[in-house]
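Q: Structure below; questions to follow.
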Amino acid sequence: MLNTLNIERKEGYAIVALNRGKVNAINQEMVDELSETFQLLENDETVSGVILTGQPHFFSAGLDLVELIQYNKEQMDNFFMSFGSLYVQLLRFKKPFISAITGHSPAGGCVLAVTSDNRYMAEGPKYVIGLNEVAVNIQISQNLTEVYAYWMGEGLAHRYILEGKLLSGEEALAAGLVDELLPLDEVLPRAEKQMQQYLKADFDILINTKHKVRKHLLDRLDTNPAESLKEASTLWWKPEIRTKMEAYVESFSNKKK
């Protein structure tokens, strides 16, 4: 039984839907379930591709800071290691992998989305996507900078990461971060249409080709999550950062009351 995901199997592929509350905030349980699910689907010979999606208006709002701020050091170290490992696992997922971005996808939501081969996003001025870790006082890893540059080029990636910029759908499309903008109810069908197109190709040729086009990116990754996220884990406990983060969580919690 999964508490944070729903899985639907179609002919030749699976749809994995994030399903944790209204905004799909990422916690340890979701990371563990995503890792286990994608490992199972990668080993399942009846599944030739996976679509990752969310709920209406939210793909994922990112890390669940309200929960994470309560973690002790051991729990937080484990979370960073698990999330870093999941990121590399998804980047290395050998089968066709598409994100159907059903709304907001900042920070951790964007981390999940950028690992996929295609990203189709709901149109509308209220939806944003991007790596805004600098803006919320979380240290970004070198691995994340590599994939951002892979999709949008080093210049834009450099500027947007330092700014902690969240992109509108139109900005993300122009930058190459998403493939297409569609009405919300057409996002998942568009992802399924692309998946069905992939499944027409010879499976061995497809996965071999995916490996070749990603080889240089994968070769640059630090596959040791303890090392790649060591700074993030250390700076999480910096007193000035904790104070800012606690104030942010408190203000966010007050808005929900």
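We name chains A, B, ... following the order of the structure tokens; residues begin at 1 in each chain, and ligands are numbered from 1 as shown.
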What's around segment 119-135 of chain A at 8 Å? Count only C-alpha atoms, leave out sequence neighbours fewer than 4 positions away in its own chain, and write the answer as a ChimeraX atom specification.

A: /A:57,98-111,113-114,139-140,160-169,172,177-184,186-188,190-191

Q: Tell me, as number ranges by chain, which residues lie within 9 Å of segment 77-83 of chain A, counting only C-alpha atoms; anything in the same chain fewer than 2 positions away does not count.

A: A: 27-28, 31-32, 35, 68, 72-75, 85-88, 224-230, 232-234

Q: Would you mind exporting N, CA and C atoms of the selected residues as a PDB file, in the first residue's frame?

A:
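Produced file again_4.pdb, reproduced below:
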ATOM      1  N   ASN A  27       7.991  14.765   1.449  1.00  0.00           N
ATOM      2  CA  ASN A  27       8.591  14.388   2.723  1.00  0.00           C
ATOM      3  C   ASN A  27       9.342  13.070   2.546  1.00  0.00           C
ATOM      4  N   GLN A  28       9.854  12.528   3.649  1.00  0.00           N
ATOM      5  CA  GLN A  28      10.635  11.302   3.567  1.00  0.00           C
ATOM      6  C   GLN A  28       9.808  10.147   3.003  1.00  0.00           C
ATOM      7  N   VAL A  31       9.491  10.404  -0.797  1.00  0.00           N
ATOM      8  CA  VAL A  31      10.766  10.074  -1.443  1.00  0.00           C
ATOM      9  C   VAL A  31      10.976   8.562  -1.459  1.00  0.00           C
ATOM     10  N   ASP A  32      10.737   7.913  -0.326  1.00  0.00           N
ATOM     11  CA  ASP A  32      10.924   6.460  -0.247  1.00  0.00           C
ATOM     12  C   ASP A  32       9.977   5.728  -1.198  1.00  0.00           C
ATOM     13  N   SER A  35      11.068   6.213  -4.884  1.00  0.00           N
ATOM     14  CA  SER A  35      12.250   5.407  -5.201  1.00  0.00           C
ATOM     15  C   SER A  35      11.874   3.939  -5.383  1.00  0.00           C
ATOM     16  N   LEU A  68       9.701  19.006   7.605  1.00  0.00           N
ATOM     17  CA  LEU A  68      11.147  18.838   7.638  1.00  0.00           C
ATOM     18  C   LEU A  68      11.801  19.661   8.746  1.00  0.00           C
ATOM     19  N   ASN A  72      15.145  15.763  13.250  1.00  0.00           N
ATOM     20  CA  ASN A  72      16.428  15.920  13.925  1.00  0.00           C
ATOM     21  C   ASN A  72      17.552  15.740  12.904  1.00  0.00           C
ATOM     22  N   LYS A  73      18.788  15.882  13.345  1.00  0.00           N
ATOM     23  CA  LYS A  73      19.904  15.872  12.399  1.00  0.00           C
ATOM     24  C   LYS A  73      19.998  14.546  11.643  1.00  0.00           C
ATOM     25  N   GLU A  74      19.822  13.441  12.352  1.00  0.00           N
ATOM     26  CA  GLU A  74      19.897  12.139  11.685  1.00  0.00           C
ATOM     27  C   GLU A  74      18.795  11.995  10.637  1.00  0.00           C
ATOM     28  N   GLN A  75      17.590  12.414  10.986  1.00  0.00           N
ATOM     29  CA  GLN A  75      16.475  12.340  10.035  1.00  0.00           C
ATOM     30  C   GLN A  75      16.713  13.242   8.834  1.00  0.00           C
ATOM     31  N   SER A  85      19.589  10.704  -3.805  1.00  0.00           N
ATOM     32  CA  SER A  85      19.642   9.405  -4.477  1.00  0.00           C
ATOM     33  C   SER A  85      18.478   9.228  -5.437  1.00  0.00           C
ATOM     34  N   LEU A  86      17.294   9.675  -5.016  1.00  0.00           N
ATOM     35  CA  LEU A  86      16.115   9.593  -5.888  1.00  0.00           C
ATOM     36  C   LEU A  86      16.333  10.408  -7.155  1.00  0.00           C
ATOM     37  N   TYR A  87      16.881  11.596  -7.019  1.00  0.00           N
ATOM     38  CA  TYR A  87      17.142  12.462  -8.169  1.00  0.00           C
ATOM     39  C   TYR A  87      18.039  11.764  -9.191  1.00  0.00           C
ATOM     40  N   VAL A  88      19.129  11.177  -8.721  1.00  0.00           N
ATOM     41  CA  VAL A  88      20.044  10.464  -9.630  1.00  0.00           C
ATOM     42  C   VAL A  88      19.354   9.228 -10.208  1.00  0.00           C
ATOM     43  N   ASN A 224      27.415   9.999  -5.290  1.00  0.00           N
ATOM     44  CA  ASN A 224      27.460   9.805  -3.838  1.00  0.00           C
ATOM     45  C   ASN A 224      26.604  10.882  -3.176  1.00  0.00           C
ATOM     46  N   PRO A 225      25.369  10.561  -2.773  1.00  0.00           N
ATOM     47  CA  PRO A 225      24.476  11.597  -2.243  1.00  0.00           C
ATOM     48  C   PRO A 225      24.996  12.228  -0.958  1.00  0.00           C
ATOM     49  N   ALA A 226      25.725  11.476  -0.163  1.00  0.00           N
ATOM     50  CA  ALA A 226      26.273  12.039   1.073  1.00  0.00           C
ATOM     51  C   ALA A 226      27.260  13.148   0.762  1.00  0.00           C
ATOM     52  N   GLU A 227      28.011  12.983  -0.322  1.00  0.00           N
ATOM     53  CA  GLU A 227      28.990  13.987  -0.721  1.00  0.00           C
ATOM     54  C   GLU A 227      28.335  15.138  -1.466  1.00  0.00           C
ATOM     55  N   SER A 228      27.445  14.807  -2.417  1.00  0.00           N
ATOM     56  CA  SER A 228      26.847  15.843  -3.258  1.00  0.00           C
ATOM     57  C   SER A 228      25.945  16.791  -2.470  1.00  0.00           C
ATOM     58  N   LEU A 229      25.371  16.295  -1.372  1.00  0.00           N
ATOM     59  CA  LEU A 229      24.468  17.135  -0.573  1.00  0.00           C
ATOM     60  C   LEU A 229      25.030  17.435   0.817  1.00  0.00           C
ATOM     61  N   LYS A 230      26.349  17.284   0.966  1.00  0.00           N
ATOM     62  CA  LYS A 230      26.979  17.553   2.258  1.00  0.00           C
ATOM     63  C   LYS A 230      26.786  19.011   2.674  1.00  0.00           C
ATOM     64  N   ALA A 232      24.409  21.098   1.714  1.00  0.00           N
ATOM     65  CA  ALA A 232      22.998  21.346   2.020  1.00  0.00           C
ATOM     66  C   ALA A 232      22.659  20.859   3.419  1.00  0.00           C
ATOM     67  N   SER A 233      23.173  19.684   3.767  1.00  0.00           N
ATOM     68  CA  SER A 233      22.897  19.114   5.078  1.00  0.00           C
ATOM     69  C   SER A 233      23.523  19.948   6.184  1.00  0.00           C
ATOM     70  N   THR A 234      24.740  20.441   5.954  1.00  0.00           N
ATOM     71  CA  THR A 234      25.433  21.258   6.954  1.00  0.00           C
ATOM     72  C   THR A 234      24.760  22.618   7.135  1.00  0.00           C
TER      73      THR A 234
END

Q: Enumerate the residues of segment 44-223 of chain A with a DSSP assignment of alpha helix (DSSP H), computed from the backbone, and present them as JSON, numbers by chain.

A: {"A": [65, 66, 67, 68, 73, 74, 75, 76, 77, 78, 79, 80, 81, 82, 83, 84, 85, 86, 87, 88, 89, 90, 91, 108, 109, 110, 111, 112, 113, 142, 143, 144, 145, 146, 147, 148, 149, 150, 151, 152, 154, 155, 156, 157, 158, 159, 160, 161, 162, 163, 169, 170, 171, 172, 173, 174, 175, 187, 188, 189, 190, 191, 192, 193, 194, 195, 196, 197, 198, 203, 204, 205, 206, 207, 208, 209, 210, 211, 212, 213, 214, 215, 216, 217, 218, 219]}

Q: What are the closest atom pairs, with distances in Å to one decimal, for all residues of segment 189-240 of chain A lying within 9 Å of segment 1-18 of chain A? Consider only C-alpha atoms, order rows by chain and residue number, and present the result as CSV.

A:
residue,atom,partner,partner_atom,distance
A:Glu192,CA,A:Ile15,CA,8.9
A:Met195,CA,A:Tyr13,CA,7.8
A:Gln196,CA,A:Gly12,CA,8.5
A:Leu199,CA,A:Gly12,CA,7.5

Q: Mind writing the picked residues with C-alpha atoms as a compact mmCIF listing (two decimals), in the first residue's frame?

A:
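Result file out02.txt:
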# COMPACT_ATOMS: atom_id res chain seq x y z
CA GLU A 192 0.03 9.90 -22.83
CA MET A 195 4.28 8.03 -24.48
CA GLN A 196 2.25 6.09 -27.03
CA LEU A 199 6.10 2.85 -27.52

Q: Ranking A:Met30, A:Val50, A:Leu235, A:Ala247 by minimum distance to Lys94 of chain A and counting only C-alpha atoms, which one comes first?

A: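 Of A:Met30, A:Val50, A:Leu235, A:Ala247, the one nearest Lys94 of chain A, counting only C-alpha atoms, is A:Val50.
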
Q: I want to know what sits within 9 Å of Pro96 of chain A, based on only C-alpha atoms, with residues of the same chain fewer than 5 positions away left out; could you give that as number ranges by chain?

A: A: 48-51, 116-118, 195, 198-199, 206-207, 210

Q: Considering only C-alpha atoms, return as a PDB file with N, CA, C and O atoms, in the first residue's frame whatever protein or nucleic-acid residues lie within 9 Å of Asn137 of chain A, sequence-local ones (same chain, fewer than 6 positions apart) excluded.

A:
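Dumped everything to result-v4.pdb:
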ATOM      1  N   LEU A 235      24.459  23.280   6.006  1.00  0.00           N
ATOM      2  CA  LEU A 235      23.903  24.629   6.070  1.00  0.00           C
ATOM      3  C   LEU A 235      22.460  24.645   6.568  1.00  0.00           C
ATOM      4  O   LEU A 235      21.972  25.679   7.026  1.00  0.00           O
ATOM      5  N   TRP A 236      21.773  23.519   6.478  1.00  0.00           N
ATOM      6  CA  TRP A 236      20.410  23.432   7.009  1.00  0.00           C
ATOM      7  C   TRP A 236      20.371  23.830   8.481  1.00  0.00           C
ATOM      8  O   TRP A 236      19.392  24.398   8.960  1.00  0.00           O
ATOM      9  N   ILE A 241      20.110  30.655   9.123  1.00  0.00           N
ATOM     10  CA  ILE A 241      19.202  30.034   8.156  1.00  0.00           C
ATOM     11  C   ILE A 241      18.013  29.421   8.879  1.00  0.00           C
ATOM     12  O   ILE A 241      16.865  29.548   8.429  1.00  0.00           O
ATOM     13  N   ARG A 242      18.268  28.755   9.991  1.00  0.00           N
ATOM     14  CA  ARG A 242      17.173  28.165  10.759  1.00  0.00           C
ATOM     15  C   ARG A 242      16.175  29.231  11.200  1.00  0.00           C
ATOM     16  O   ARG A 242      14.965  29.022  11.140  1.00  0.00           O
ATOM     17  N   LYS A 244      15.500  32.119   9.762  1.00  0.00           N
ATOM     18  CA  LYS A 244      14.721  32.557   8.597  1.00  0.00           C
ATOM     19  C   LYS A 244      13.707  31.491   8.191  1.00  0.00           C
ATOM     20  O   LYS A 244      12.566  31.795   7.845  1.00  0.00           O
ATOM     21  N   MET A 245      14.141  30.237   8.226  1.00  0.00           N
ATOM     22  CA  MET A 245      13.263  29.161   7.797  1.00  0.00           C
ATOM     23  C   MET A 245      12.096  28.979   8.765  1.00  0.00           C
ATOM     24  O   MET A 245      10.958  28.763   8.361  1.00  0.00           O
TER      25      MET A 245
END

Q: Rounded to one decimal in Å, what is the spacing between atom CA of Met76 of chain A and atom CA of Gln55 of chain A?

A: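 Straight-line distance from atom CA of Met76 of chain A to atom CA of Gln55 of chain A works out to 26.7 Å.
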
Q: Pick out each residue of segment 39-79 of chain A that DSSP on the backbone tags as strand (DSSP E or B); I need them as a PyMOL selection string.

A: chain A and resi 50-53+55+57-58+63

Q: Please dump the current selection as a CSV table (one decimal), in the first residue's frame; keep N, CA, C and O atoms.

A:
chain,number,residue,atom,x,y,z
A,50,VAL,N,7.0,5.5,-18.1
A,50,VAL,CA,6.3,6.0,-17.0
A,50,VAL,C,6.0,7.5,-17.1
A,50,VAL,O,6.8,8.2,-17.6
A,51,ILE,N,4.8,7.8,-16.7
A,51,ILE,CA,4.4,9.2,-16.7
A,51,ILE,C,4.2,9.6,-15.2
A,51,ILE,O,3.6,8.9,-14.4
A,52,LEU,N,4.9,10.7,-14.8
A,52,LEU,CA,4.7,11.2,-13.4
A,52,LEU,C,3.8,12.5,-13.5
A,52,LEU,O,4.1,13.4,-14.3
A,53,THR,N,2.8,12.5,-12.7
A,53,THR,CA,1.9,13.6,-12.7
A,53,THR,C,1.5,14.0,-11.2
A,53,THR,O,2.0,13.4,-10.3
A,55,GLN,N,-1.7,16.6,-9.0
A,55,GLN,CA,-3.2,16.8,-8.8
A,55,GLN,C,-3.5,18.1,-9.5
A,55,GLN,O,-2.6,18.9,-9.7
A,57,HIS,N,-3.8,21.7,-10.3
A,57,HIS,CA,-3.2,22.9,-9.8
A,57,HIS,C,-1.8,22.8,-9.1
A,57,HIS,O,-1.1,23.7,-8.9
A,58,PHE,N,-1.5,21.5,-8.7
A,58,PHE,CA,-0.2,21.3,-8.0
A,58,PHE,C,0.4,20.0,-8.6
A,58,PHE,O,-0.2,18.9,-8.4
A,63,LEU,N,9.5,20.8,-1.2
A,63,LEU,CA,9.7,20.1,0.1
A,63,LEU,C,8.7,20.6,1.1
A,63,LEU,O,8.3,21.7,1.2

Q: Calculate how many Å separate atom CA of Val213 of chain A from atom CA of Arg159 of chain A, rounding to one decimal.

A: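 The value is 25.1 Å.
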
Q: Identify, on the basis of only C-alpha atoms, every residue whose closest approach to Ala25 of chain A does not exceed 7 Å; exclude the query and any residue fewer than 2 positions from it along the same chain; express the result as a PyMOL selection string.

A: chain A and resi 20+23+27+60-64

Q: One decimal, Å: what's the distance from atom CA of Gln39 of chain A over to atom CA of His211 of chain A, could you say?

A: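 Atom-to-atom, atom CA of Gln39 of chain A and atom CA of His211 of chain A are spaced 17.1 Å apart.
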